[in-house]
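Here's input.pdb, which has PDB, C-alpha atoms and all ligand atoms:
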```pdb
MODEL        1
ATOM      1  CA  MET A 852      37.574  39.803 -77.232
ATOM      2  CA  GLU A 853      35.946  36.695 -75.801
ATOM      3  CA  HIS A 854      38.045  34.788 -73.310
ATOM      4  CA  LYS A 855      38.026  31.004 -73.107
ATOM      5  CA  SER A 856      39.054  29.045 -70.082
ATOM      6  CA  GLY A 857      38.513  25.638 -68.554
ATOM      7  CA  PHE A 858      39.734  22.547 -66.799
ATOM      8  CA  VAL A 859      41.133  19.819 -69.005
ATOM      9  CA  ASN A 860      41.576  16.672 -66.948
ATOM     10  CA  ILE A 861      43.977  14.012 -68.131
ATOM     11  CA  ILE A 862      42.925  10.516 -67.133
ATOM     12  CA  GLY A 863      43.598   6.913 -68.068
ATOM     13  CA  ASN A 864      45.533   3.892 -66.951
ATOM     14  CA  PRO A 865      49.103   4.107 -65.642
ATOM     15  CA  ASN A 866      52.006   4.343 -68.050
ATOM     16  CA  VAL A 867      50.136   5.364 -71.198
ATOM     17  CA  GLY A 868      51.890   8.753 -71.339
ATOM     18  CA  LYS A 869      49.547  11.094 -69.451
ATOM     19  CA  SER A 870      52.335  13.047 -67.795
ATOM     20  CA  THR A 871      54.381  13.165 -70.983
ATOM     21  CA  ILE A 872      51.424  14.607 -72.886
ATOM     22  CA  MET A 873      50.753  17.234 -70.259
ATOM     23  CA  ASN A 874      54.396  18.302 -70.207
ATOM     24  CA  VAL A 875      54.451  18.617 -73.987
ATOM     25  CA  LEU A 876      51.225  20.620 -73.977
ATOM     26  CA  VAL A 877      52.467  22.912 -71.216
ATOM     27  CA  GLY A 878      56.022  23.117 -72.516
ATOM     28  CA  GLU A 879      57.492  22.598 -69.031
ATOM     29  CA  LYS A 880      58.475  19.492 -67.141
ATOM     30  CA  ILE A 881      55.744  19.726 -64.555
ATOM     31  CA  SER A 882      55.064  16.040 -64.048
ATOM     32  CA  ILE A 883      57.795  13.501 -63.543
ATOM     33  CA  ILE A 884      57.973  10.680 -66.049
ATOM     34  CA  THR A 885      59.407   7.200 -65.772
ATOM     35  CA  SER A 886      58.705   3.859 -67.373
ATOM     36  CA  LYS A 887      57.259   2.660 -64.059
ATOM     37  CA  SER A 888      53.609   2.603 -63.171
ATOM     38  CA  GLN A 889      52.468   4.903 -60.342
ATOM     39  CA  THR A 890      55.081   7.527 -61.089
ATOM     40  CA  THR A 891      52.469  10.234 -60.632
ATOM     41  CA  ARG A 892      51.040  10.338 -57.118
ATOM     42  CA  HIS A 893      49.298  13.686 -57.100
ATOM     43  CA  ARG A 894      46.887  15.701 -59.092
ATOM     44  CA  ILE A 895      49.134  18.322 -60.667
ATOM     45  CA  LEU A 896      47.970  21.386 -62.550
ATOM     46  CA  GLY A 897      49.777  22.669 -65.616
ATOM     47  CA  ILE A 898      48.452  25.953 -66.925
ATOM     48  CA  VAL A 899      48.827  27.328 -70.442
ATOM     49  CA  ASN A 900      48.069  30.997 -70.946
ATOM     50  CA  GLY A 901      47.287  32.771 -74.197
ATOM     51  CA  ASP A 902      45.981  36.279 -74.842
ATOM     52  CA  ASP A 903      42.405  35.074 -75.084
ATOM     53  CA  PHE A 904      42.541  31.684 -73.369
ATOM     54  CA  GLN A 905      43.731  29.817 -70.311
ATOM     55  CA  ILE A 906      43.856  26.017 -70.297
ATOM     56  CA  VAL A 907      44.152  24.396 -66.881
ATOM     57  CA  TYR A 908      45.417  20.854 -67.400
ATOM     58  CA  SER A 909      45.380  18.428 -64.566
ATOM     59  CA  ASP A 910      47.513  15.322 -64.587
ATOM     60  CA  THR A 911      46.381  12.406 -62.456
ATOM     61  CA  PRO A 912      47.970   9.203 -61.124
ATOM     62  CA  GLY A 913      45.904   6.861 -63.267
ATOM     63  CA  VAL A 914      43.530   4.134 -62.293
ATOM     64  CA  ILE A 915      44.909   1.281 -60.209
ATOM     65  CA  LYS A 916      43.601  -1.214 -57.688
ATOM     66  CA  PRO A 917      44.480   0.266 -54.303
ATOM     67  CA  HIS A 918      46.410  -1.906 -51.838
ATOM     68  CA  TYR A 919      47.319   0.741 -49.307
ATOM     69  CA  LYS A 920      45.985   4.133 -48.241
ATOM     70  CA  LEU A 921      48.326   6.161 -50.427
ATOM     71  CA  GLN A 922      46.986   4.339 -53.493
ATOM     72  CA  LYS A 923      43.433   4.944 -52.340
ATOM     73  CA  THR A 924      44.162   8.657 -52.248
ATOM     74  CA  MET A 925      45.760   8.391 -55.702
ATOM     75  CA  VAL A 926      42.706   6.717 -57.223
ATOM     76  CA  GLY A 927      40.577   9.362 -55.525
ATOM     77  CA  TYR A 928      42.420  12.047 -57.497
ATOM     78  CA  SER A 929      41.509  10.282 -60.747
ATOM     79  CA  GLU A 930      37.860   9.864 -59.762
ATOM     80  CA  GLN A 931      37.688  13.512 -58.769
ATOM     81  CA  ALA A 932      39.089  14.433 -62.174
ATOM     82  CA  LEU A 933      36.022  12.858 -63.776
ATOM     83  CA  GLU A 934      33.710  15.162 -61.866
ATOM     84  CA  ASP A 935      35.108  18.619 -62.373
ATOM     85  CA  ALA A 936      36.299  18.624 -65.983
ATOM     86  CA  ASP A 937      35.296  20.950 -68.783
ATOM     87  CA  ILE A 938      37.040  18.561 -71.142
ATOM     88  CA  LEU A 939      38.261  15.034 -70.463
ATOM     89  CA  LEU A 940      41.403  13.774 -72.141
ATOM     90  CA  TYR A 941      41.244  10.017 -71.899
ATOM     91  CA  ILE A 942      44.683   8.721 -72.781
ATOM     92  CA  THR A 943      45.327   5.225 -73.996
ATOM     93  CA  ASP A 944      48.217   3.775 -75.978
ATOM     94  CA  VAL A 945      48.834   1.304 -78.748
ATOM     95  CA  TYR A 946      49.239  -1.574 -76.282
ATOM     96  CA  GLU A 947      46.178  -1.143 -74.178
ATOM     97  CA  THR A 948      42.885  -2.822 -74.905
ATOM     98  CA  ALA A 949      39.547  -1.346 -73.964
ATOM     99  CA  ASP A 950      38.599  -4.182 -71.623
ATOM    100  CA  LYS A 951      41.130  -3.028 -69.049
ATOM    101  CA  ASN A 952      39.340  -1.022 -66.388
ATOM    102  CA  GLU A 953      35.857  -1.260 -67.845
ATOM    103  CA  GLU A 954      34.312   0.262 -64.765
ATOM    104  CA  PHE A 955      36.259   3.493 -65.012
ATOM    105  CA  LEU A 956      35.758   3.644 -68.762
ATOM    106  CA  GLU A 957      32.023   3.360 -68.237
ATOM    107  CA  LYS A 958      32.167   6.487 -66.080
ATOM    108  CA  VAL A 959      34.097   8.311 -68.789
ATOM    109  CA  ILE A 960      31.560   7.320 -71.421
ATOM    110  CA  ASN A 961      28.701   8.535 -69.220
ATOM    111  CA  SER A 962      30.404  11.784 -68.323
ATOM    112  CA  LYS A 963      28.738  15.044 -69.304
ATOM    113  CA  SER A 964      32.003  16.632 -70.380
ATOM    114  CA  PRO A 965      33.238  16.346 -73.958
ATOM    115  CA  VAL A 966      35.810  13.574 -74.258
ATOM    116  CA  ILE A 967      38.900  13.547 -76.417
ATOM    117  CA  LEU A 968      40.294  10.062 -76.706
ATOM    118  CA  VAL A 969      44.012  10.112 -77.311
ATOM    119  CA  ILE A 970      45.736   7.002 -78.623
ATOM    120  CA  ASN A 971      49.342   7.710 -77.734
ATOM    121  CA  LYS A 972      52.697   6.073 -78.602
ATOM    122  CA  ILE A 973      51.782   5.515 -82.231
ATOM    123  CA  ASP A 974      55.517   5.712 -82.974
ATOM    124  CA  LEU A 975      55.620   2.172 -81.573
ATOM    125  CA  SER A 976      53.039   0.718 -83.950
ATOM    126  CA  ASN A 977      52.117   0.661 -87.624
ATOM    127  CA  GLN A 978      49.379   2.353 -89.555
ATOM    128  CA  GLU A 979      47.269  -0.734 -90.087
ATOM    129  CA  ASP A 980      47.107  -1.690 -86.421
ATOM    130  CA  VAL A 981      46.553   1.882 -85.326
ATOM    131  CA  LEU A 982      43.602   2.322 -87.673
ATOM    132  CA  LYS A 983      42.055  -0.905 -86.423
ATOM    133  CA  MET A 984      42.455   0.284 -82.889
ATOM    134  CA  GLU A 985      40.955   3.626 -83.743
ATOM    135  CA  SER A 986      37.773   2.102 -85.120
ATOM    136  CA  LYS A 987      37.415  -0.189 -82.115
ATOM    137  CA  TRP A 988      37.665   2.742 -79.738
ATOM    138  CA  GLN A 989      35.275   4.799 -81.829
ATOM    139  CA  GLU A 990      32.684   2.048 -81.550
ATOM    140  CA  LEU A 991      33.113   1.997 -77.822
ATOM    141  CA  MET A 992      33.055   5.762 -77.407
ATOM    142  CA  PRO A 993      30.956   7.115 -80.263
ATOM    143  CA  ASN A 994      30.839  10.619 -78.821
ATOM    144  CA  ALA A 995      34.551  11.009 -78.321
ATOM    145  CA  GLU A 996      36.862  12.708 -80.745
ATOM    146  CA  ILE A 997      39.830  10.444 -81.373
ATOM    147  CA  ILE A 998      43.319  11.812 -81.890
ATOM    148  CA  LEU A 999      46.384   9.686 -82.563
ATOM    149  CA  THR A1000      49.555  11.054 -81.005
ATOM    150  CA  SER A1001      53.144  10.406 -80.227
ATOM    151  CA  ALA A1002      54.058  12.576 -77.284
ATOM    152  CA  LEU A1003      57.643  11.492 -77.681
ATOM    153  CA  THR A1004      57.961  13.027 -81.146
ATOM    154  CA  SER A1005      55.238  15.673 -80.578
ATOM    155  CA  PHE A1006      53.240  14.163 -83.435
ATOM    156  CA  ASN A1007      49.682  15.588 -83.569
ATOM    157  CA  ILE A1008      50.117  17.557 -80.347
ATOM    158  CA  GLU A1009      49.203  20.752 -82.212
ATOM    159  CA  ARG A1010      46.053  19.072 -83.455
ATOM    160  CA  LEU A1011      45.233  18.030 -79.910
ATOM    161  CA  LEU A1012      45.737  21.584 -78.703
ATOM    162  CA  ASN A1013      43.440  22.955 -81.414
ATOM    163  CA  SER A1014      40.754  20.466 -80.533
ATOM    164  CA  ILE A1015      40.995  21.485 -76.870
ATOM    165  CA  LEU A1016      40.801  25.184 -77.768
ATOM    166  CA  GLU A1017      37.718  24.503 -79.874
ATOM    167  CA  LYS A1018      35.932  22.805 -76.983
ATOM    168  CA  LEU A1019      37.031  25.265 -74.303
ATOM    169  CA  PRO A1020      34.106  27.163 -72.746
ATOM    170  CA  ILE A1021      33.870  30.931 -72.693
ATOM    171  CA  ALA A1022      34.982  31.951 -69.210
ATOM    172  CA  PRO A1023      37.359  34.325 -67.455
ATOM    173  CA  PRO A1024      40.749  32.940 -66.388
ATOM    174  CA  TYR A1025      40.703  30.855 -63.194
ATOM    175  CA  TYR A1026      44.295  31.660 -62.258
ATOM    176  CA  PRO A1027      46.475  34.756 -62.647
ATOM    177  CA  LYS A1028      47.756  34.808 -66.220
ATOM    178  CA  ASP A1029      51.403  34.400 -65.172
ATOM    179  CA  THR A1030      50.921  31.115 -63.259
ATOM    180  CA  PHE A1031      51.838  27.796 -64.808
ATOM    181  CA  THR A1032      51.080  25.425 -61.942
ATOM    182  CA  ASP A1033      49.392  25.152 -58.555
ATOM    183  CA  LYS A1034      52.356  23.451 -56.946
ATOM    184  CA  THR A1035      55.188  25.028 -54.961
ATOM    185  CA  GLU A1036      58.898  25.026 -55.698
ATOM    186  CA  ARG A1037      59.354  22.572 -52.834
ATOM    187  CA  PHE A1038      56.922  20.184 -54.481
ATOM    188  CA  PHE A1039      58.950  20.120 -57.703
ATOM    189  CA  VAL A1040      62.146  19.483 -55.759
ATOM    190  CA  GLU A1041      60.506  16.528 -54.010
ATOM    191  CA  GLU A1042      59.184  15.160 -57.281
ATOM    192  CA  ILE A1043      62.539  15.415 -59.043
ATOM    193  CA  ILE A1044      64.185  13.448 -56.227
ATOM    194  CA  ARG A1045      61.419  10.854 -56.366
ATOM    195  CA  GLU A1046      61.868  10.494 -60.118
ATOM    196  CA  LYS A1047      65.546   9.640 -59.647
ATOM    197  CA  ILE A1048      64.636   7.134 -56.945
ATOM    198  CA  LEU A1049      62.095   5.489 -59.250
ATOM    199  CA  VAL A1050      64.737   5.195 -61.936
ATOM    200  CA  HIS A1051      67.540   3.810 -59.778
ATOM    201  CA  TYR A1052      65.970   1.522 -57.188
ATOM    202  CA  LYS A1053      64.127  -1.732 -57.714
ATOM    203  CA  LYS A1054      60.954  -3.399 -56.516
ATOM    204  CA  GLU A1055      59.108  -1.898 -53.550
ATOM    205  CA  VAL A1056      61.774   0.629 -52.515
ATOM    206  CA  PRO A1057      60.703   3.573 -54.722
ATOM    207  CA  TYR A1058      57.064   3.024 -53.809
ATOM    208  CA  SER A1059      57.954   3.157 -50.111
ATOM    209  CA  THR A1060      59.797   6.426 -50.517
ATOM    210  CA  GLN A1061      58.810  10.040 -50.118
ATOM    211  CA  ALA A1062      61.161  13.007 -50.423
ATOM    212  CA  ILE A1063      60.416  16.002 -48.214
ATOM    213  CA  VAL A1064      62.161  19.353 -48.450
ATOM    214  CA  GLU A1065      63.215  20.592 -45.014
ATOM    215  CA  GLU A1066      64.956  23.712 -46.144
ATOM    216  CA  PHE A1067      64.733  25.739 -49.335
ATOM    217  CA  TYR A1068      66.869  28.814 -49.210
ATOM    218  CA  GLU A1069      67.310  30.994 -52.259
ATOM    219  CA  ASP A1070      69.603  33.960 -52.769
ATOM    220  CA  GLU A1071      70.608  35.764 -55.928
ATOM    221  CA  LYS A1072      73.098  33.170 -57.090
ATOM    222  CA  ILE A1073      72.125  29.843 -55.632
ATOM    223  CA  ILE A1074      69.334  27.734 -54.182
ATOM    224  CA  ARG A1075      70.312  25.692 -51.111
ATOM    225  CA  ILE A1076      68.163  22.664 -50.443
ATOM    226  CA  ARG A1077      68.116  20.160 -47.601
ATOM    227  CA  ALA A1078      65.799  17.220 -48.172
ATOM    228  CA  ILE A1079      64.913  14.054 -46.306
ATOM    229  CA  ILE A1080      64.207  10.809 -48.110
ATOM    230  CA  TYR A1081      61.687   8.931 -45.981
ATOM    231  CA  VAL A1082      61.437   5.146 -46.236
ATOM    232  CA  GLU A1083      58.961   2.820 -44.575
ATOM    233  CA  ARG A1084      61.341   0.413 -42.865
ATOM    234  CA  GLU A1085      64.782   0.477 -41.238
ATOM    235  CA  SER A1086      65.965  -2.193 -43.729
ATOM    236  CA  GLN A1087      65.354   0.175 -46.663
ATOM    237  CA  LYS A1088      67.729   2.814 -45.337
ATOM    238  CA  PRO A1089      70.996   1.113 -46.338
ATOM    239  CA  ILE A1090      69.517   0.356 -49.756
ATOM    240  CA  ILE A1091      68.864   4.045 -50.417
ATOM    241  CA  ILE A1092      72.305   5.031 -49.142
ATOM    242  CA  GLY A1093      74.170   2.278 -50.976
ATOM    243  CA  ASN A1094      77.710   1.023 -50.627
ATOM    244  CA  LYS A1095      79.847   3.877 -49.256
ATOM    245  CA  GLY A1096      76.978   6.246 -49.932
ATOM    246  CA  LYS A1097      77.350   5.878 -53.678
ATOM    247  CA  ALA A1098      73.668   5.334 -54.439
ATOM    248  CA  ILE A1099      72.389   8.378 -52.598
ATOM    249  CA  LYS A1100      75.191  10.463 -54.020
ATOM    250  CA  ARG A1101      74.016   9.618 -57.519
ATOM    251  CA  ILE A1102      70.458  10.634 -56.611
ATOM    252  CA  GLY A1103      71.836  13.964 -55.389
ATOM    253  CA  ILE A1104      73.887  14.611 -58.508
ATOM    254  CA  GLU A1105      71.136  13.746 -60.967
ATOM    255  CA  SER A1106      68.496  15.632 -58.993
ATOM    256  CA  ARG A1107      70.670  18.726 -58.836
ATOM    257  CA  ARG A1108      71.148  18.654 -62.591
ATOM    258  CA  ASP A1109      67.381  18.595 -63.207
ATOM    259  CA  MET A1110      66.701  21.230 -60.572
ATOM    260  CA  GLU A1111      69.217  23.602 -62.088
ATOM    261  CA  LYS A1112      67.434  23.194 -65.406
ATOM    262  CA  PHE A1113      64.022  23.680 -63.792
ATOM    263  CA  PHE A1114      64.931  26.755 -61.722
ATOM    264  CA  GLY A1115      67.495  28.208 -64.138
ATOM    265  CA  LYS A1116      69.869  28.681 -61.254
ATOM    266  CA  GLN A1117      72.710  26.986 -59.432
ATOM    267  CA  VAL A1118      71.505  24.452 -56.856
ATOM    268  CA  HIS A1119      73.188  22.947 -53.839
ATOM    269  CA  ILE A1120      71.491  19.934 -52.324
ATOM    270  CA  GLU A1121      71.974  17.806 -49.191
ATOM    271  CA  LEU A1122      70.077  14.541 -48.845
ATOM    272  CA  TYR A1123      69.376  12.522 -45.701
ATOM    273  CA  VAL A1124      67.492   9.282 -45.157
ATOM    274  CA  LYS A1125      64.994   8.722 -42.348
ATOM    275  CA  VAL A1126      62.436   6.085 -41.475
ATOM    276  CA  SER A1127      58.786   6.992 -41.170
ATOM    277  CA  LYS A1128      57.272   3.687 -40.213
ATOM    278  CA  ASN A1129      54.521   2.521 -42.602
ATOM    279  CA  TRP A1130      53.758   6.085 -43.682
ATOM    280  CA  ARG A1131      51.812   4.900 -46.731
ATOM    281  CA  ASP A1132      49.096   3.540 -44.455
ATOM    282  CA  SER A1133      48.899   6.338 -41.944
ATOM    283  CA  ASP A1134      46.370   9.119 -42.476
ATOM    284  CA  THR A1135      48.309  11.628 -40.410
ATOM    285  CA  LYS A1136      51.610  10.866 -42.133
ATOM    286  CA  LEU A1137      50.020  10.992 -45.581
ATOM    287  CA  ASN A1138      48.546  14.346 -44.656
ATOM    288  CA  SER A1139      51.838  15.712 -43.458
ATOM    289  CA  PHE A1140      53.456  14.517 -46.709
ATOM    290  CA  GLY A1141      50.950  16.534 -48.713
ATOM    291  CA  TYR A1142      48.464  13.847 -49.790
ATOM    292  CA  ASN A1143      45.014  15.136 -48.996
TER     293      ASN A1143
HETATM  294  N1  LIG B   1      57.454   5.465 -77.491
HETATM  295  C1  LIG B   1      56.737   6.335 -76.806
HETATM  296  N2  LIG B   1      56.862   6.367 -75.471
HETATM  297  C2  LIG B   1      56.130   7.272 -74.781
HETATM  298  C3  LIG B   1      55.246   8.184 -75.425
HETATM  299  N3  LIG B   1      54.660   8.934 -74.471
HETATM  300  C4  LIG B   1      55.153   8.506 -73.290
HETATM  301  N4  LIG B   1      56.054   7.504 -73.461
HETATM  302  C5  LIG B   1      56.798   6.758 -72.422
HETATM  303  O1  LIG B   1      55.879   6.007 -71.637
HETATM  304  C6  LIG B   1      56.318   5.928 -70.274
HETATM  305  C7  LIG B   1      55.224   6.410 -69.344
HETATM  306  O2  LIG B   1      55.028   7.794 -69.537
HETATM  307  P1  LIG B   1      54.276   8.686 -68.454
HETATM  308  O3  LIG B   1      54.035  10.012 -69.064
HETATM  309  O4  LIG B   1      54.996   8.656 -67.128
HETATM  310  O5  LIG B   1      52.903   7.877 -68.321
HETATM  311  P2  LIG B   1      51.686   8.102 -67.268
HETATM  312  O6  LIG B   1      51.859   7.058 -66.210
HETATM  313  O7  LIG B   1      50.449   7.863 -68.061
HETATM  314  O8  LIG B   1      51.788   9.503 -66.748
HETATM  315  C8  LIG B   1      57.599   6.748 -70.201
HETATM  316  O9  LIG B   1      58.688   5.874 -70.294
HETATM  317  C9  LIG B   1      57.514   7.664 -71.407
HETATM  318  O10 LIG B   1      58.764   8.067 -71.885
HETATM  319  C10 LIG B   1      55.150   8.119 -76.864
HETATM  320  O11 LIG B   1      54.420   8.857 -77.533
HETATM  321  N5  LIG B   1      55.918   7.191 -77.488
HETATM  322 MG    MG B   2      52.057  10.165 -64.809
ENDMDL
END
```
Rewrite the coordinates I just gave you, this time as structure tokens.
Amino acid sequence: MEHKSGFVNIIGNPNVGKSTIMNVLVGEKISIITSKSQTTRHRILGIVNGDDFQIVYSDTPGVIKPHYKLQKTMVGYSEQALEDADILLYITDVYETADKNEEFLEKVINSKSPVILVINKIDLSNQEDVLKMESKWQELMPNAEIILTSALTSFNIERLLNSILEKLPIAPPYYPKDTFTDKTERFFVEEIIREKILVHYKKEVPYSTQAIVEEFYEDEKIIRIRAIIYVERESQKPIIIGNKGKAIKRIGIESRRDMEKFFGKQVHIELYVKVSKNWRDSDTKLNSFGYN
């Protein structure tokens, strides 16, 4: 039996549904999702294993103009994804026009890898507009296969999967067949906390925040977690904590709920807030927070 395997890199602008699509394709909540741009900060692998195939998806932050070092690293992950793909999934949605980010798009068009162009969120549009959009994109990217999806309702996800399988090169698996990601349990804990922070705090606060797991202790019945929420400035500390600690308590409760779902086990979590001055612009701090 011939075995197919390859890297399928998911790229595109922020907020078009890249992480949602990867999660649906993998069937696990690997990437956090919010309505805010820059939710994804890392390149995250999601691996799907079949008897005769292994698809290694990689979700990326999306293309943005970098204002600080963290964002530079984030854009780097997206650029890197252009280089090492067997298949590129370029995701756009029914709101985006092709003139956004022309430079990056040019690189996609010139890439040697086969490109699948996914127009996502079609549940938010109508047939006429979607078809118009499709023909515009096809003109722009004549070599790409276009698939219209709604990740939210799983519309055409099966079709997308089949198209990926068709284009997947013959190769042995790159990862053991029982792996579904390259990230650690600690990473998922940190991401779940960050998702809740993105949802509940406004303006610059979530973008100045990084959760770091200090202790992850698992026994048969329960996982005990101690995590620090790092902020950039002293003034952000009371915002995270909230009046009488209510805000941080909510983060803890909602995070625990998601973690229990993710790990299939009871979770106990303690959260603390600390300042790591201007960490987003410090190479050493970024490194120690896992951005490299
Ligand atoms: N209506 C609709 N919303 C979607 C769809 N896919 C994703 N979203 C929403 O779009 C927002 C951004 O999704 P996300 O996956 O984080 O986008 P990313 O930044 O490209 O990774 C979230 O609020 C999702 O719930 C879709 O097919 N239909
Ligand atoms: Mg994302």
Just the residues within 7 Å of Tyr941 of chain A, please, counting all atoms listed in the file, with nothing from its chain fewer than 4 positions along; format it as a PyMOL selection string. chain A and resi 861-863+966-969
Run the PyMOL selection byres (((not hetatm)) within 7 of (chain B and resi 1)) on the file and write out the hits as JSON, numbers by chain. {"A": [863, 864, 865, 866, 867, 868, 869, 870, 871, 872, 883, 884, 885, 886, 887, 888, 889, 890, 891, 912, 913, 971, 972, 973, 974, 975, 1000, 1001, 1002, 1003, 1004]}
Can you list, as an MDAnalysis selection string, every protein, DNA or RNA residue that comes within 8 Å of segment 1050-1067 of chain A when you count all atoms listed in the file, leaving out same-chain residues fewer than 3 positions away? chainID A and resid 885 1037 1040:1042 1044:1047 1074:1083 1087 1091 1131 1140
Using the chain letters and numbers from this file, what does the PyMOL selection byres (((chain A and resi 1118) around 7) and not hetatm) select? Give the answer as a count of residues only. 10
Quick one: pull the distance between atom CA of Phe1006 of chain A and atom CA of Val899 of chain A, Å, one decimal. 19.0 Å
Nearest to Lys1128 of chain A: which of A:Arg1101, A:Lys1112, A:Lys1018, A:Arg1084 is it, counting only C-alpha atoms? A:Arg1084
Hits from the PyMOL selection byres (((chain A and resi 924) around 12) and not hetatm), listed as a VMD selection string: chain A and resid 891 to 894 911 to 923 925 to 931 1131 to 1134 1137 to 1138 1141 to 1143
For segment 1102-1106 of chain A, please output as an MDAnalysis selection string all residues within 6 Å (counting only C-alpha atoms; exclusion window: fewer than 2 positions along the same chain). chainID A and resid 1043:1044 1047 1099:1100 1108:1109
Point out the residue among A:Ser882, A:Ser962, A:Asn994, A:Thr1032 with the least atom-to-atom distance to ligand MG 2 (chain B), counting all atoms listed in the file.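 Among A:Ser882, A:Ser962, A:Asn994, A:Thr1032, it is A:Ser882 that comes nearest to ligand MG 2 (chain B).
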Between A:Met852, A:Val859, A:Ile942, A:Ile998, which one has atoms that come closest to ligand MG 2 (chain B), using all atoms listed in the file?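 So, comparing all the options, the nearest one is A:Ile942.
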Atom-to-atom span, atom CA of Phe1038 of chain A and atom CA of Gly897 of chain A, Å: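 One can read the atom CA of Phe1038 of chain A to atom CA of Gly897 of chain A distance as 13.5 Å.
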For a quick check of understanding, using only C-alpha atoms, which of A:Thr948, A:Asn860, A:Asn961, A:Ser1139 has the smallest distance to Ser1127 of chain A?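 Of A:Thr948, A:Asn860, A:Asn961, A:Ser1139, the one nearest Ser1127 of chain A is A:Ser1139, counting only C-alpha atoms.
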